[in-house]
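Only one structure is covered here, and it is reproduced in the block below.
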Amino acid sequence: IRYGAATYRVTWTGNRWEVWLDDRPVVSVESGRITASTVVVQSVTVNAGNVEDAVGSVSPVAVTTGSGPVTVLRDGMAFDGTWSRPTAAATTVFTTRTGTALPVAPGPVWVMLVPR
């Protein structure tokens, strides 16, 4: 998953997805190696917006309402489908292309918002 100059990669270990950033494992000082039971790769519209960071640079804004393509990585497999969230107060729902619910596995879930 590419974000400009940075690249994320996830690798199935047999029971979890390991998260990598620029070919290095992502590690937490407190808990060690970062893993997830499910990784959601959600394609979203990204706007320039009017949000500024601490030094005044304009930050991109991901639009997470509406719908679009999604890939859910779970149990060592990839499942393509659609995400849907009609309002900011609603929960995002993931479904297969035929409309069947696409659940996440129990445990940590990483959601990667990627520009369309």
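We label chains A, B, ... in the order they appear in the structure tokens, count residues from 1 in each chain, and number ligands from 1 in the order shown.
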*Please identify all polymer residues within 8 Å of Pro106 (chain A), counting only C-alpha atoms, omitting same-chain residues fewer than 2 positions from it, and present them as a PyMOL selection string.*
chain A and resi 37+104+108
*asked:* I'd like the neighbourhood of Thr100 (chain A) as a list in words, where a residue qualifies if any of its atoms comes within 12 Å (using only C-alpha atoms), though same-chain residues fewer than 6 positions away should be ignored.
replied: Phe79, Asp80, Gly81, Thr82, Trp83, Val93 and Phe94 of chain A
Please write the residues from the selection above to a file, keeping C-alpha atoms, as a compact mmCIF listing (two decimals), in the first residue's frame.
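Printed below is again-v3.txt as written:
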```txt
# COMPACT_ATOMS: atom_id res chain seq x y z
CA PHE A 79 -11.70 -10.67 0.12
CA ASP A 80 -12.73 -7.92 -2.33
CA GLY A 81 -15.95 -6.04 -1.80
CA THR A 82 -17.52 -2.67 -1.08
CA TRP A 83 -17.51 -0.41 1.95
CA VAL A 93 -20.18 -1.78 6.66
CA PHE A 94 -18.16 -4.12 4.45
```
_Which residues are near Arg16 (chain A)? Cut-off 7 Å, only C-alpha atoms, ignore same chain within fewer than 2 positions. Put them as a list in words._
Trp12, Thr13, Gly14, Glu18, Thr35, Ala36 and Ser37 of chain A
Mind writing the picked residues with N, CA, C and O atoms as an mmCIF file, in the first residue's frame?
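The resulting file, again_33.cif, is shown below:
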```cif
data_model
loop_
_atom_site.group_PDB
_atom_site.id
_atom_site.type_symbol
_atom_site.label_atom_id
_atom_site.label_comp_id
_atom_site.auth_asym_id
_atom_site.auth_seq_id
_atom_site.Cartn_x
_atom_site.Cartn_y
_atom_site.Cartn_z
ATOM 1 N N TRP A 12 1.142 -12.408 6.063
ATOM 2 C CA TRP A 12 0.445 -13.392 6.893
ATOM 3 C C TRP A 12 1.470 -14.303 7.563
ATOM 4 O O TRP A 12 2.351 -14.851 6.903
ATOM 5 N N THR A 13 1.355 -14.480 8.880
ATOM 6 C CA THR A 13 2.306 -15.299 9.630
ATOM 7 C C THR A 13 1.754 -16.676 9.962
ATOM 8 O O THR A 13 2.439 -17.471 10.588
ATOM 9 N N GLY A 14 0.517 -16.936 9.597
ATOM 10 C CA GLY A 14 -0.133 -18.193 9.951
ATOM 11 C C GLY A 14 -1.242 -17.981 10.962
ATOM 12 O O GLY A 14 -2.136 -18.801 11.093
ATOM 13 N N GLU A 18 1.423 -9.348 9.896
ATOM 14 C CA GLU A 18 2.489 -8.470 10.366
ATOM 15 C C GLU A 18 2.500 -7.228 9.488
ATOM 16 O O GLU A 18 2.322 -7.313 8.275
ATOM 17 N N THR A 35 0.944 -6.449 14.965
ATOM 18 C CA THR A 35 0.211 -7.410 14.135
ATOM 19 C C THR A 35 -1.272 -7.096 14.214
ATOM 20 O O THR A 35 -1.727 -6.390 15.118
ATOM 21 N N ALA A 36 -2.027 -7.636 13.277
ATOM 22 C CA ALA A 36 -3.475 -7.451 13.258
ATOM 23 C C ALA A 36 -4.136 -8.742 12.807
ATOM 24 O O ALA A 36 -3.575 -9.497 12.017
ATOM 25 N N SER A 37 -5.339 -8.991 13.308
ATOM 26 C CA SER A 37 -6.088 -10.160 12.858
ATOM 27 C C SER A 37 -6.745 -9.885 11.509
ATOM 28 O O SER A 37 -6.951 -10.795 10.719
#
```
Proximity check region 25-56 of chain A to region 7-11 of chain A, 12 Å, nearest pairs one decimal Å, only C-alpha atoms, as JSON lines:
```
{"residue": "A:Pro25", "atom": "CA", "partner": "A:Arg9", "partner_atom": "CA", "distance": 9.1}
{"residue": "A:Val26", "atom": "CA", "partner": "A:Tyr8", "partner_atom": "CA", "distance": 9.4}
{"residue": "A:Ile34", "atom": "CA", "partner": "A:Val10", "partner_atom": "CA", "distance": 10.3}
{"residue": "A:Thr35", "atom": "CA", "partner": "A:Val10", "partner_atom": "CA", "distance": 8.8}
{"residue": "A:Ala36", "atom": "CA", "partner": "A:Val10", "partner_atom": "CA", "distance": 9.2}
{"residue": "A:Ser37", "atom": "CA", "partner": "A:Val10", "partner_atom": "CA", "distance": 11.0}
{"residue": "A:Thr38", "atom": "CA", "partner": "A:Val10", "partner_atom": "CA", "distance": 10.2}
{"residue": "A:Val39", "atom": "CA", "partner": "A:Val10", "partner_atom": "CA", "distance": 8.1}
{"residue": "A:Val40", "atom": "CA", "partner": "A:Val10", "partner_atom": "CA", "distance": 10.8}
{"residue": "A:Val41", "atom": "CA", "partner": "A:Val10", "partner_atom": "CA", "distance": 10.8}
```
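For the set A:Ala89, A:Val51, A:Val46, A:Val109, the residue with the smallest atom-to-atom gap to Arg74 (chain A) is A:Val109, counting only C-alpha atoms.
Of the residues under consideration (A:Ala105, A:Val61, A:Ile1, A:Leu113), A:Ala105 shows the shortest atom-to-atom contact distance to Met77 (chain A) when counting only C-alpha atoms.
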